[in-house]
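Participant: My structure is stored as entry39.txt, with compact mmCIF, C-alpha atoms.
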# COMPACT_ATOMS: atom_id res chain seq x y z
CA MET Y 1 -64.11 -133.70 -52.97
CA GLU Y 2 -61.98 -131.16 -54.78
CA LYS Y 3 -59.63 -132.34 -57.46
CA PHE Y 4 -56.00 -131.97 -56.38
CA GLU Y 5 -53.77 -130.42 -59.01
CA HIS Y 6 -51.10 -133.02 -58.33
CA GLU Y 7 -52.38 -136.55 -58.30
CA TYR Y 8 -50.61 -138.26 -55.41
CA LYS Y 9 -50.73 -141.95 -56.30
CA ALA Y 10 -48.85 -145.18 -55.81
CA ASP Y 11 -46.58 -144.87 -58.81
CA GLN Y 12 -44.95 -141.77 -57.31
CA ILE Y 13 -43.70 -143.67 -54.31
CA GLN Y 14 -40.21 -144.89 -55.16
CA VAL Y 15 -38.65 -147.90 -53.50
CA LEU Y 16 -34.99 -148.13 -52.54
CA GLU Y 17 -34.21 -150.78 -49.80
CA GLY Y 18 -35.08 -152.95 -46.65
CA LEU Y 19 -35.77 -152.23 -42.91
CA GLU Y 20 -33.66 -154.62 -40.81
CA ALA Y 21 -30.75 -152.17 -40.98
CA VAL Y 22 -32.72 -149.63 -38.99
CA ARG Y 23 -33.19 -151.95 -36.02
CA LYS Y 24 -29.53 -152.92 -36.17
CA ARG Y 25 -28.23 -149.35 -36.32
CA PRO Y 26 -30.97 -147.04 -35.10
CA GLY Y 27 -28.51 -144.23 -34.37
CA MET Y 28 -27.77 -143.84 -38.07
CA TYR Y 29 -31.38 -142.99 -38.73
CA ILE Y 30 -32.54 -141.04 -35.69
CA GLY Y 31 -29.27 -139.85 -34.13
CA SER Y 32 -29.44 -141.78 -30.87
CA VAL Y 33 -31.53 -144.17 -28.76
CA SER Y 34 -31.65 -141.75 -25.83
CA ALA Y 35 -34.60 -139.48 -25.04
CA ARG Y 36 -33.50 -137.33 -27.97
CA GLY Y 37 -33.99 -140.15 -30.46
CA LEU Y 38 -37.31 -141.05 -28.85
CA HIS Y 39 -38.70 -137.55 -29.40
CA HIS Y 40 -37.32 -137.65 -32.93
CA LEU Y 41 -39.86 -140.39 -33.76
CA VAL Y 42 -42.67 -137.95 -33.09
CA TYR Y 43 -41.10 -135.27 -35.29
CA GLU Y 44 -40.72 -137.72 -38.16
CA ILE Y 45 -44.45 -138.45 -38.21
CA VAL Y 46 -45.40 -134.80 -37.66
CA ASP Y 47 -43.01 -133.78 -40.48
CA ASN Y 48 -45.06 -135.88 -42.90
CA SER Y 49 -48.18 -133.98 -41.89
CA VAL Y 50 -46.36 -130.64 -42.12
CA ASP Y 51 -45.24 -131.55 -45.64
CA GLU Y 52 -48.93 -132.01 -46.54
CA ALA Y 53 -49.55 -128.54 -45.08
CA LEU Y 54 -46.65 -127.05 -47.08
CA ALA Y 55 -48.15 -128.60 -50.21
CA GLY Y 56 -51.39 -126.83 -49.29
CA TYR Y 57 -53.54 -129.77 -48.24
CA CYS Y 58 -53.52 -129.91 -44.44
CA LYS Y 59 -54.81 -127.36 -41.91
CA ASN Y 60 -54.73 -129.22 -38.59
CA ILE Y 61 -52.33 -131.61 -36.88
CA HIS Y 62 -53.17 -133.12 -33.50
CA VAL Y 63 -50.46 -134.81 -31.45
CA THR Y 64 -51.49 -136.78 -28.37
CA ILE Y 65 -49.41 -138.58 -25.76
CA GLU Y 66 -51.75 -141.33 -24.60
CA LYS Y 67 -51.39 -143.22 -21.33
CA GLY Y 68 -48.46 -145.62 -21.50
CA ASN Y 69 -46.45 -143.25 -23.74
CA ILE Y 70 -48.34 -144.19 -26.88
CA ILE Y 71 -48.16 -141.42 -29.49
CA ARG Y 72 -51.05 -140.52 -31.76
CA VAL Y 73 -50.67 -138.07 -34.65
CA GLU Y 74 -53.72 -137.08 -36.72
CA ASP Y 75 -53.91 -134.74 -39.70
CA ASP Y 76 -56.49 -133.62 -42.23
CA GLY Y 77 -54.22 -133.87 -45.28
CA ARG Y 78 -54.93 -135.94 -48.40
CA GLY Y 79 -54.33 -139.28 -46.68
CA ILE Y 80 -51.53 -141.60 -47.79
CA PRO Y 81 -52.37 -143.19 -51.18
CA VAL Y 82 -54.09 -146.55 -50.80
CA ASP Y 83 -53.78 -147.82 -54.38
CA ILE Y 84 -51.45 -150.71 -55.21
CA HIS Y 85 -47.83 -149.81 -55.78
CA PRO Y 86 -46.58 -151.00 -59.20
CA LYS Y 87 -43.21 -152.27 -57.91
CA THR Y 88 -44.01 -153.74 -54.50
CA LYS Y 89 -47.48 -155.05 -55.43
CA ILE Y 90 -48.75 -153.94 -52.01
CA SER Y 91 -50.61 -150.73 -51.21
CA ALA Y 92 -48.65 -147.49 -51.43
CA ALA Y 93 -49.48 -146.85 -47.77
CA GLU Y 94 -47.97 -150.15 -46.66
CA THR Y 95 -44.94 -149.50 -48.88
CA VAL Y 96 -44.32 -146.15 -47.17
CA TYR Y 97 -44.34 -147.86 -43.75
CA THR Y 98 -42.34 -150.97 -44.59
CA VAL Y 99 -39.77 -149.93 -47.18
CA LEU Y 100 -36.87 -147.68 -46.32
CA HIS Y 101 -36.60 -144.62 -48.61
CA ALA Y 102 -40.08 -145.10 -49.98
CA GLY Y 103 -41.95 -141.83 -50.08
CA GLY Y 104 -43.49 -139.16 -52.25
CA LYS Y 105 -40.53 -136.84 -51.68
CA PHE Y 106 -37.99 -137.94 -54.28
CA GLY Y 107 -38.92 -135.50 -57.01
CA GLY Y 108 -41.54 -136.63 -59.46
CA ASP Y 109 -44.86 -134.81 -59.56
CA SER Y 110 -46.38 -135.70 -56.20
CA GLY Y 111 -47.21 -132.12 -55.27
CA TYR Y 112 -44.33 -131.91 -52.77
CA LYS Y 113 -42.13 -129.02 -53.86
CA VAL Y 114 -39.90 -129.41 -50.84
CA SER Y 115 -40.13 -131.49 -47.76
CA GLY Y 116 -38.77 -131.35 -44.27
CA GLY Y 117 -39.01 -135.09 -43.70
CA LEU Y 118 -35.74 -136.97 -43.66
CA HIS Y 119 -35.61 -138.06 -47.28
CA GLY Y 120 -38.60 -140.39 -47.06
CA VAL Y 121 -37.21 -142.57 -44.29
CA GLY Y 122 -39.52 -141.13 -41.62
CA SER Y 123 -42.53 -143.43 -41.52
CA SER Y 124 -40.69 -146.68 -42.07
CA VAL Y 125 -38.01 -145.82 -39.49
CA VAL Y 126 -40.64 -145.05 -36.85
CA ASN Y 127 -42.38 -148.30 -37.74
CA ALA Y 128 -39.13 -150.30 -37.53
CA LEU Y 129 -38.34 -148.87 -34.07
CA SER Y 130 -41.82 -149.36 -32.57
CA THR Y 131 -43.23 -152.35 -30.72
CA TRP Y 132 -46.40 -151.74 -32.72
CA THR Y 133 -47.77 -149.16 -35.15
CA GLU Y 134 -51.25 -148.71 -36.56
CA VAL Y 135 -52.23 -146.41 -39.38
CA THR Y 136 -55.75 -145.30 -40.29
CA ILE Y 137 -56.27 -143.44 -43.56
CA GLN Y 138 -59.31 -141.61 -44.85
CA ARG Y 139 -59.46 -140.87 -48.57
CA ASP Y 140 -61.24 -141.87 -51.77
CA GLY Y 141 -64.51 -142.19 -49.82
CA GLY Y 142 -63.25 -144.87 -47.44
CA ILE Y 143 -61.54 -145.55 -44.10
CA TYR Y 144 -58.57 -147.89 -44.37
CA LYS Y 145 -56.50 -149.47 -41.66
CA MET Y 146 -53.25 -151.44 -41.35
CA SER Y 147 -51.05 -152.53 -38.45
CA PHE Y 148 -47.45 -153.57 -37.83
CA GLU Y 149 -45.19 -155.03 -35.17
CA ARG Y 150 -41.50 -154.03 -35.13
CA GLY Y 151 -41.75 -153.00 -38.77
CA LYS Y 152 -43.43 -156.17 -40.02
CA THR Y 153 -46.96 -156.07 -41.41
CA VAL Y 154 -49.49 -157.81 -39.16
CA ASN Y 155 -52.61 -156.64 -40.98
CA SER Y 156 -52.33 -155.40 -44.54
CA LEU Y 157 -54.28 -152.32 -45.53
CA LYS Y 158 -57.98 -152.94 -45.73
CA LYS Y 159 -61.10 -150.86 -46.02
CA ILE Y 160 -63.04 -150.82 -42.76
CA GLY Y 161 -65.72 -148.25 -43.52
CA ASP Y 162 -66.87 -145.23 -45.48
CA SER Y 163 -65.82 -141.63 -44.98
CA ASN Y 164 -66.14 -138.35 -46.81
CA LYS Y 165 -63.10 -136.92 -45.00
CA THR Y 166 -59.40 -137.14 -45.81
CA GLY Y 167 -56.42 -137.50 -43.51
CA THR Y 168 -54.03 -139.86 -41.79
CA MET Y 169 -53.84 -141.05 -38.19
CA VAL Y 170 -50.78 -142.86 -36.87
CA ARG Y 171 -50.49 -144.48 -33.43
CA PHE Y 172 -47.29 -146.11 -32.23
CA LEU Y 173 -45.55 -147.40 -29.14
CA ALA Y 174 -41.77 -147.01 -29.30
CA ASP Y 175 -39.78 -150.21 -28.75
CA ASP Y 176 -38.45 -150.42 -25.19
CA THR Y 177 -35.83 -152.96 -26.24
CA ILE Y 178 -34.25 -150.21 -28.38
CA PHE Y 179 -34.80 -146.94 -26.51
CA GLU Y 180 -33.26 -146.12 -23.14
CA THR Y 181 -36.51 -144.49 -22.06
CA LEU Y 182 -40.06 -144.29 -23.39
CA ASN Y 183 -40.93 -141.24 -21.33
CA TYR Y 184 -41.81 -138.25 -23.53
CA GLU Y 185 -41.15 -134.81 -22.08
CA TYR Y 186 -44.05 -132.48 -22.71
CA GLU Y 187 -41.89 -129.33 -22.87
CA ILE Y 188 -39.53 -130.78 -25.48
CA LEU Y 189 -42.42 -131.73 -27.77
CA GLU Y 190 -44.16 -128.44 -27.05
CA ASN Y 191 -41.14 -126.35 -28.08
CA ARG Y 192 -40.60 -128.21 -31.33
CA LEU Y 193 -44.29 -128.15 -32.29
CA ARG Y 194 -44.52 -124.44 -31.52
CA GLU Y 195 -41.52 -123.87 -33.78
CA MET Y 196 -43.14 -125.92 -36.56
CA ALA Y 197 -46.33 -123.87 -36.26
CA PHE Y 198 -44.40 -120.58 -36.50
CA LEU Y 199 -42.65 -121.84 -39.63
CA THR Y 200 -45.89 -122.73 -41.42
CA LYS Y 201 -48.22 -119.79 -41.05
CA GLY Y 202 -51.87 -120.62 -40.49
CA LEU Y 203 -51.22 -124.31 -39.68
CA ARG Y 204 -52.80 -125.35 -36.37
CA ILE Y 205 -50.86 -127.86 -34.28
CA THR Y 206 -52.18 -129.11 -30.94
CA LEU Y 207 -50.44 -131.18 -28.29
CA THR Y 208 -52.37 -133.07 -25.62
CA ASP Y 209 -50.90 -135.08 -22.75
CA GLU Y 210 -53.33 -137.70 -21.45
CA ARG Y 211 -50.90 -139.39 -19.05
CA GLU Y 212 -52.06 -137.43 -15.97
CA GLU Y 213 -55.53 -137.27 -14.42
CA THR Y 214 -55.97 -133.76 -15.81
CA PRO Y 215 -54.84 -133.65 -19.45
CA LYS Y 216 -52.47 -130.86 -20.48
CA LYS Y 217 -53.06 -129.13 -23.78
CA SER Y 218 -51.25 -126.62 -25.99
CA ASP Y 219 -52.62 -125.10 -29.16
CA PHE Y 220 -50.38 -123.36 -31.70
CA CYS Y 221 -51.49 -121.41 -34.74
CA TYR Y 222 -49.78 -118.27 -36.01
CA GLU Y 223 -51.23 -116.33 -38.90
CA GLY Y 224 -48.17 -114.07 -38.70
CA GLY Y 225 -45.70 -116.91 -39.27
CA LEU Y 226 -42.13 -115.69 -38.78
CA VAL Y 227 -43.28 -112.25 -37.64
CA SER Y 228 -45.13 -113.95 -34.77
CA PHE Y 229 -42.00 -116.05 -34.13
CA VAL Y 230 -39.78 -112.97 -33.72
CA GLU Y 231 -42.39 -111.25 -31.54
CA TYR Y 232 -42.53 -114.35 -29.36
CA LEU Y 233 -38.73 -114.42 -29.00
CA ASN Y 234 -38.66 -110.73 -28.06
CA LYS Y 235 -41.77 -110.63 -25.92
CA ASN Y 236 -40.05 -109.21 -22.81
CA LYS Y 237 -37.57 -106.94 -24.56
CA GLU Y 238 -37.62 -103.28 -25.51
CA LYS Y 239 -37.84 -102.95 -29.31
CA LEU Y 240 -36.21 -100.45 -31.65
CA ASN Y 241 -38.68 -101.30 -34.44
CA THR Y 242 -42.10 -102.15 -33.00
CA LYS Y 243 -43.19 -104.18 -36.02
CA PRO Y 244 -40.67 -106.76 -37.26
CA ILE Y 245 -39.28 -106.23 -40.76
CA TYR Y 246 -40.75 -109.00 -42.92
CA ILE Y 247 -39.23 -110.16 -46.19
CA GLU Y 248 -40.73 -112.87 -48.36
CA LYS Y 249 -39.81 -114.10 -51.79
CA ASN Y 250 -41.32 -117.10 -53.54
CA GLY Y 251 -38.84 -117.86 -56.28
CA GLU Y 252 -36.91 -120.99 -57.17
CA ILE Y 253 -35.72 -120.89 -53.55
CA PRO Y 254 -38.58 -119.59 -51.36
CA ILE Y 255 -37.16 -117.26 -48.69
CA GLU Y 256 -38.82 -115.83 -45.61
CA ILE Y 257 -37.09 -113.53 -43.12
CA ALA Y 258 -38.27 -111.55 -40.09
CA ILE Y 259 -36.03 -109.08 -38.25
CA GLN Y 260 -36.51 -107.02 -35.13
CA TYR Y 261 -33.98 -104.96 -33.19
CA THR Y 262 -34.07 -104.65 -29.40
CA THR Y 263 -32.09 -102.58 -26.91
CA SER Y 264 -30.29 -105.70 -25.69
CA TYR Y 265 -26.73 -106.55 -26.70
CA SER Y 266 -27.19 -110.15 -27.72
CA GLU Y 267 -27.53 -111.47 -31.25
CA ASN Y 268 -30.34 -114.04 -31.77
CA ILE Y 269 -30.47 -115.44 -35.27
CA TYR Y 270 -32.33 -118.66 -36.01
CA SER Y 271 -32.06 -120.30 -39.40
CA PHE Y 272 -34.14 -123.08 -40.94
CA VAL Y 273 -34.05 -125.12 -44.12
CA ASN Y 274 -37.25 -126.98 -45.02
CA ASN Y 275 -38.34 -126.44 -41.39
CA ILE Y 276 -35.19 -128.13 -40.08
CA ASN Y 277 -33.32 -125.97 -37.57
CA THR Y 278 -29.81 -125.43 -38.96
CA ILE Y 279 -28.07 -124.82 -35.64
CA GLU Y 280 -24.69 -124.55 -37.32
CA GLY Y 281 -26.00 -122.04 -39.87
CA GLY Y 282 -24.65 -122.36 -43.39
CA THR Y 283 -24.98 -120.60 -46.73
CA HIS Y 284 -28.39 -119.02 -46.01
CA LEU Y 285 -27.05 -117.43 -42.81
CA GLU Y 286 -23.90 -116.36 -44.66
CA GLY Y 287 -25.96 -114.55 -47.32
CA PHE Y 288 -28.08 -112.92 -44.62
CA LYS Y 289 -25.10 -111.58 -42.66
CA ARG Y 290 -23.30 -110.28 -45.74
CA ALA Y 291 -26.37 -108.44 -46.96
CA LEU Y 292 -27.13 -106.99 -43.53
CA THR Y 293 -23.61 -105.54 -43.25
CA LYS Y 294 -23.67 -104.16 -46.79
CA VAL Y 295 -27.14 -102.61 -46.64
CA PHE Y 296 -26.54 -100.80 -43.34
CA ASN Y 297 -23.12 -99.52 -44.44
CA ASP Y 298 -24.50 -98.31 -47.78
CA TYR Y 299 -27.36 -96.56 -46.02
CA ALA Y 300 -25.03 -94.93 -43.47
CA ARG Y 301 -22.76 -93.62 -46.25
CA SER Y 302 -25.49 -92.34 -48.54
CA HIS Y 303 -27.17 -90.54 -45.62
CA ASN Y 304 -23.91 -89.11 -44.35
CA ILE Y 305 -24.12 -90.94 -41.03
CA LEU Y 306 -20.70 -92.36 -41.88
CA LYS Y 307 -18.35 -89.69 -43.20
CA GLU Y 308 -15.81 -90.34 -45.95
CA LYS Y 309 -12.95 -90.84 -43.52
CA ASP Y 310 -14.93 -93.21 -41.27
CA SER Y 311 -14.29 -96.90 -41.71
CA ASN Y 312 -17.17 -99.29 -42.43
CA LEU Y 313 -19.25 -100.70 -39.58
CA GLN Y 314 -18.40 -104.26 -38.64
CA GLY Y 315 -20.92 -107.07 -39.05
CA GLU Y 316 -20.97 -107.95 -35.35
CA ASP Y 317 -21.73 -104.33 -34.42
CA ILE Y 318 -24.64 -104.26 -36.86
CA ARG Y 319 -25.97 -107.53 -35.45
CA GLU Y 320 -25.94 -106.31 -31.85
CA GLY Y 321 -29.48 -106.51 -30.47
CA ILE Y 322 -30.89 -108.26 -33.55
CA THR Y 323 -33.47 -111.03 -33.40
CA ALA Y 324 -34.00 -112.67 -36.76
CA VAL Y 325 -35.50 -115.84 -38.19
CA ILE Y 326 -34.47 -116.99 -41.66
CA SER Y 327 -36.40 -119.77 -43.32
CA VAL Y 328 -35.53 -121.11 -46.76
CA LYS Y 329 -36.94 -123.99 -48.77
CA VAL Y 330 -34.40 -125.88 -50.86
CA LYS Y 331 -35.27 -128.74 -53.23
CA GLU Y 332 -32.11 -130.76 -52.67
CA PRO Y 333 -30.46 -129.53 -49.48
CA GLN Y 334 -26.85 -130.55 -48.85
CA PHE Y 335 -26.10 -130.67 -45.16
CA GLU Y 336 -22.62 -130.48 -43.68
CA GLY Y 337 -21.06 -130.20 -40.27
CA GLN Y 338 -20.80 -132.58 -37.35
CA THR Y 339 -24.52 -132.78 -36.70
CA LYS Y 340 -25.61 -132.43 -40.34
CA THR Y 341 -27.29 -129.14 -39.50
CA LYS Y 342 -25.24 -126.77 -41.62
CA LEU Y 343 -26.57 -125.89 -45.06
CA GLY Y 344 -23.96 -126.27 -47.81
CA ASN Y 345 -25.84 -125.28 -51.00
CA SER Y 346 -23.80 -122.43 -52.47
CA GLU Y 347 -26.64 -121.04 -54.62
CA VAL Y 348 -28.56 -120.10 -51.46
CA THR Y 349 -26.05 -117.44 -50.40
CA GLY Y 350 -26.69 -115.26 -53.45
CA ALA Y 351 -30.44 -115.85 -53.37
CA VAL Y 352 -30.73 -114.68 -49.75
CA GLN Y 353 -28.31 -111.82 -50.35
CA SER Y 354 -30.15 -110.36 -53.32
CA VAL Y 355 -33.60 -110.48 -51.70
CA MET Y 356 -32.18 -108.91 -48.52
CA ASN Y 357 -30.31 -106.18 -50.43
CA GLU Y 358 -33.47 -105.21 -52.25
CA GLU Y 359 -36.06 -105.46 -49.47
CA LEU Y 360 -34.01 -104.25 -46.52
CA SER Y 361 -32.68 -101.21 -48.43
CA ALA Y 362 -36.25 -100.31 -49.36
CA PHE Y 363 -37.37 -100.73 -45.76
CA LEU Y 364 -34.62 -98.45 -44.40
CA GLU Y 365 -35.41 -95.75 -46.98
CA GLU Y 366 -39.08 -95.86 -45.96
CA ASN Y 367 -38.37 -96.01 -42.20
CA PRO Y 368 -35.53 -93.56 -41.55
CA SER Y 369 -36.21 -93.41 -37.80
CA VAL Y 370 -35.68 -97.17 -37.42
CA ALA Y 371 -32.57 -96.99 -39.61
CA LYS Y 372 -31.24 -94.15 -37.49
CA SER Y 373 -31.83 -95.82 -34.11
CA VAL Y 374 -30.22 -99.09 -35.26
CA LEU Y 375 -27.24 -97.24 -36.73
CA GLU Y 376 -26.78 -95.11 -33.61
CA LYS Y 377 -26.64 -98.33 -31.63
CA CYS Y 378 -24.10 -99.85 -34.07
CA ILE Y 379 -21.89 -96.78 -33.95
CA SER Y 380 -21.92 -96.70 -30.15
CA ALA Y 381 -21.12 -100.43 -30.21
Show the structure stored in the file as structure tokens.

Facilitator:
Amino acid sequence: MEKFEHEYKADQIQVLEGLEAVRKRPGMYIGSVSARGLHHLVYEIVDNSVDEALAGYCKNIHVTIEKGNIIRVEDDGRGIPVDIHPKTKISAAETVYTVLHAGGKFGGDSGYKVSGGLHGVGSSVVNALSTWTEVTIQRDGGIYKMSFERGKTVNSLKKIGDSNKTGTMVRFLADDTIFETLNYEYEILENRLREMAFLTKGLRITLTDEREETPKKSDFCYEGGLVSFVEYLNKNKEKLNTKPIYIEKNGEIPIEIAIQYTTSYSENIYSFVNNINTIEGGTHLEGFKRALTKVFNDYARSHNILKEKDSNLQGEDIREGITAVISVKVKEPQFEGQTKTKLGNSEVTGAVQSVMNEELSAFLEENPSVAKSVLEKCISA
């Protein structure tokens, strides 16, 4: 068993408050009690596994819809800590599932640099909104199990066997007295899990539906990460640059961007923060657009494609036919907007802008034919 550089133990799990509120006002925690909220439960549990993958400890996540709409999520991460939590005097694992805002994601040295989970409410919220939940953990040489009903502990964590593996398995049945429907739609889960796999290169995520006689199965793993994502989005289009432009910078704010131009006239830009899709954009998208406009205009001027008397190209002309995915990781994201999906952190604009200015300018200088074909398109636009 290798030694992890960050010990992930009970004393890093911080405790903030109780669970009854979640059952009273589920919408506050998962958005709604419609099908959308139901699917959200799955993402919350999967997010925890993805966070283990982002921290470098998990390679595989298996999601299964069992008969009767029971969800099972298994990963091969480190396993939730099983030692006793200093404040709650129960195991860290039980704390994570029964205490709101308990989690290894509130700073401290738990090995999570950033996390996509909703501020450590994920596991306990799913537990609170399920008729029953059972969690099996493998770590420290053992297999441990605990179970809950509607958020209350039925069986505390106990060791049930030995194991040399690590990982966590969660099974739950959503509460039909809270949700309007318990019927999971395969395509909805499939799309979100595919997206998650694109955003974490090399992570394998599988989805299996056991509700029918013949099980359905999807398997997602993309070594190319965002490049694969852009290629997938453009698979039936004619490309101006055959290989997407890929930009990656691992600084204080890790930034990953992939760009490909097609002959179409639409603009497809997807932005993510900590793997959360920011449908309303925000500061990262702002920085991207500004840099794109500046870099192409600078290139056009310095290569005499735009003459002195010509006015600058407009941003929307430069974005015609673009497909891009922007993914940033921010330690303390501030979200704004109606649906809380717009990034507000001002420092992200400059960070994205400077990496784009540098990398995209270099790319255009090295690939004049791509630069030329994109600019010709802009000018005709």

Participant: Could you jot down the CA of Ile30 in chain Y to CA of Thr349 in chain Y separation for me, Å, one decimal place?

Facilitator: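 Between these atoms lies a distance of 28.6 Å.
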
Participant: Can you tell me how far CA of Lys294 in chain Y sits from CA of Glu359 in chain Y, in Å to one decimal?

Facilitator: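 Taking CA of Lys294 in chain Y as the start and CA of Glu359 in chain Y as the end point, the length is 12.7 Å.
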
Participant: So that I can check the surroundings of Phe296 in chain Y, please list as a PDB file with C-alpha atoms, in the frame of the given file every protein, DNA and RNA residue that reaches within 12 Å of it, counting all atoms listed in the file and ignoring chain neighbours fewer than 5 positions away.

Facilitator:
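Listing of out-v1.pdb after writing:
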ATOM      1  CA  LYS Y 289     -25.100-111.580 -42.660  1.00  0.00           C
ATOM      2  CA  ARG Y 290     -23.300-110.280 -45.740  1.00  0.00           C
ATOM      3  CA  ALA Y 291     -26.370-108.440 -46.960  1.00  0.00           C
ATOM      4  CA  ARG Y 301     -22.760 -93.620 -46.250  1.00  0.00           C
ATOM      5  CA  SER Y 302     -25.490 -92.340 -48.540  1.00  0.00           C
ATOM      6  CA  HIS Y 303     -27.170 -90.540 -45.620  1.00  0.00           C
ATOM      7  CA  ILE Y 305     -24.120 -90.940 -41.030  1.00  0.00           C
ATOM      8  CA  LEU Y 306     -20.700 -92.360 -41.880  1.00  0.00           C
ATOM      9  CA  ASN Y 312     -17.170 -99.290 -42.430  1.00  0.00           C
ATOM     10  CA  LEU Y 313     -19.250-100.700 -39.580  1.00  0.00           C
ATOM     11  CA  GLN Y 314     -18.400-104.260 -38.640  1.00  0.00           C
ATOM     12  CA  GLY Y 315     -20.920-107.070 -39.050  1.00  0.00           C
ATOM     13  CA  ASP Y 317     -21.730-104.330 -34.420  1.00  0.00           C
ATOM     14  CA  ILE Y 318     -24.640-104.260 -36.860  1.00  0.00           C
ATOM     15  CA  ARG Y 319     -25.970-107.530 -35.450  1.00  0.00           C
ATOM     16  CA  MET Y 356     -32.180-108.910 -48.520  1.00  0.00           C
ATOM     17  CA  ASN Y 357     -30.310-106.180 -50.430  1.00  0.00           C
ATOM     18  CA  LEU Y 360     -34.010-104.250 -46.520  1.00  0.00           C
ATOM     19  CA  SER Y 361     -32.680-101.210 -48.430  1.00  0.00           C
ATOM     20  CA  ALA Y 362     -36.250-100.310 -49.360  1.00  0.00           C
ATOM     21  CA  PHE Y 363     -37.370-100.730 -45.760  1.00  0.00           C
ATOM     22  CA  LEU Y 364     -34.620 -98.450 -44.400  1.00  0.00           C
ATOM     23  CA  GLU Y 365     -35.410 -95.750 -46.980  1.00  0.00           C
ATOM     24  CA  PRO Y 368     -35.530 -93.560 -41.550  1.00  0.00           C
ATOM     25  CA  VAL Y 370     -35.680 -97.170 -37.420  1.00  0.00           C
ATOM     26  CA  ALA Y 371     -32.570 -96.990 -39.610  1.00  0.00           C
ATOM     27  CA  LYS Y 372     -31.240 -94.150 -37.490  1.00  0.00           C
ATOM     28  CA  SER Y 373     -31.830 -95.820 -34.110  1.00  0.00           C
ATOM     29  CA  VAL Y 374     -30.220 -99.090 -35.260  1.00  0.00           C
ATOM     30  CA  LEU Y 375     -27.240 -97.240 -36.730  1.00  0.00           C
ATOM     31  CA  GLU Y 376     -26.780 -95.110 -33.610  1.00  0.00           C
ATOM     32  CA  LYS Y 377     -26.640 -98.330 -31.630  1.00  0.00           C
ATOM     33  CA  CYS Y 378     -24.100 -99.850 -34.070  1.00  0.00           C
ATOM     34  CA  ILE Y 379     -21.890 -96.780 -33.950  1.00  0.00           C
TER      35      ILE Y 379
END

Participant: Which of these residues is nearest to Asn268 in chain Y, using only C-alpha atoms: Y:Gln353, Y:Asn127, Y:Thr323, Y:Thr181?

Facilitator: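 Looking at the shortest contact to Asn268 in chain Y, the residue is Y:Thr323.
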
Participant: Select all residues near (-42.8, -145.7, -38.7) (cut-off 10 Å, inclusive, file coordinates), counting all atoms listed in the file, and output them as an mmCIF file with C-alpha atoms, in the coordinates of the input.

Facilitator:
data_model
loop_
_atom_site.group_PDB
_atom_site.id
_atom_site.type_symbol
_atom_site.label_atom_id
_atom_site.label_comp_id
_atom_site.auth_asym_id
_atom_site.auth_seq_id
_atom_site.Cartn_x
_atom_site.Cartn_y
_atom_site.Cartn_z
ATOM 1 C CA LEU Y 41 -39.860 -140.390 -33.760
ATOM 2 C CA VAL Y 42 -42.670 -137.950 -33.090
ATOM 3 C CA GLU Y 44 -40.720 -137.720 -38.160
ATOM 4 C CA ILE Y 45 -44.450 -138.450 -38.210
ATOM 5 C CA VAL Y 96 -44.320 -146.150 -47.170
ATOM 6 C CA TYR Y 97 -44.340 -147.860 -43.750
ATOM 7 C CA THR Y 98 -42.340 -150.970 -44.590
ATOM 8 C CA VAL Y 99 -39.770 -149.930 -47.180
ATOM 9 C CA LEU Y 100 -36.870 -147.680 -46.320
ATOM 10 C CA VAL Y 121 -37.210 -142.570 -44.290
ATOM 11 C CA GLY Y 122 -39.520 -141.130 -41.620
ATOM 12 C CA SER Y 123 -42.530 -143.430 -41.520
ATOM 13 C CA SER Y 124 -40.690 -146.680 -42.070
ATOM 14 C CA VAL Y 125 -38.010 -145.820 -39.490
ATOM 15 C CA VAL Y 126 -40.640 -145.050 -36.850
ATOM 16 C CA ASN Y 127 -42.380 -148.300 -37.740
ATOM 17 C CA ALA Y 128 -39.130 -150.300 -37.530
ATOM 18 C CA LEU Y 129 -38.340 -148.870 -34.070
ATOM 19 C CA SER Y 130 -41.820 -149.360 -32.570
ATOM 20 C CA TRP Y 132 -46.400 -151.740 -32.720
ATOM 21 C CA THR Y 133 -47.770 -149.160 -35.150
ATOM 22 C CA GLU Y 134 -51.250 -148.710 -36.560
ATOM 23 C CA VAL Y 135 -52.230 -146.410 -39.380
ATOM 24 C CA PHE Y 148 -47.450 -153.570 -37.830
ATOM 25 C CA ARG Y 150 -41.500 -154.030 -35.130
ATOM 26 C CA GLY Y 151 -41.750 -153.000 -38.770
ATOM 27 C CA VAL Y 170 -50.780 -142.860 -36.870
ATOM 28 C CA ARG Y 171 -50.490 -144.480 -33.430
ATOM 29 C CA PHE Y 172 -47.290 -146.110 -32.230
ATOM 30 C CA ALA Y 174 -41.770 -147.010 -29.300
#

Participant: Find the residue from Y:Glu358, Y:Gly350, Y:Gly344, Y:Lys217 that sits nearest to Glu187 in chain Y; use only C-alpha atoms when measuring.

Facilitator: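 Result for the nearest residue to Glu187 in chain Y: Y:Lys217.
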
Participant: Could I get range 64-75 of chain Y from the block written out with C-alpha atoms, as a CSV table (one decimal), in the first residue's frame?

Facilitator:
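Below you can see selection05.csv, which holds the result:
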chain,number,residue,atom,x,y,z
Y,64,THR,CA,-25.0,1.2,-12.1
Y,65,ILE,CA,-28.8,1.7,-12.2
Y,66,GLU,CA,-30.1,-1.5,-10.5
Y,67,LYS,CA,-33.6,-2.9,-10.9
Y,68,GLY,CA,-36.0,-0.7,-8.9
Y,69,ASN,CA,-34.0,2.5,-9.6
Y,70,ILE,CA,-31.4,1.8,-7.0
Y,71,ILE,CA,-28.2,3.6,-7.8
Y,72,ARG,CA,-24.8,2.1,-7.1
Y,73,VAL,CA,-21.5,4.1,-7.4
Y,74,GLU,CA,-18.2,2.3,-6.9
Y,75,ASP,CA,-14.7,3.8,-7.1
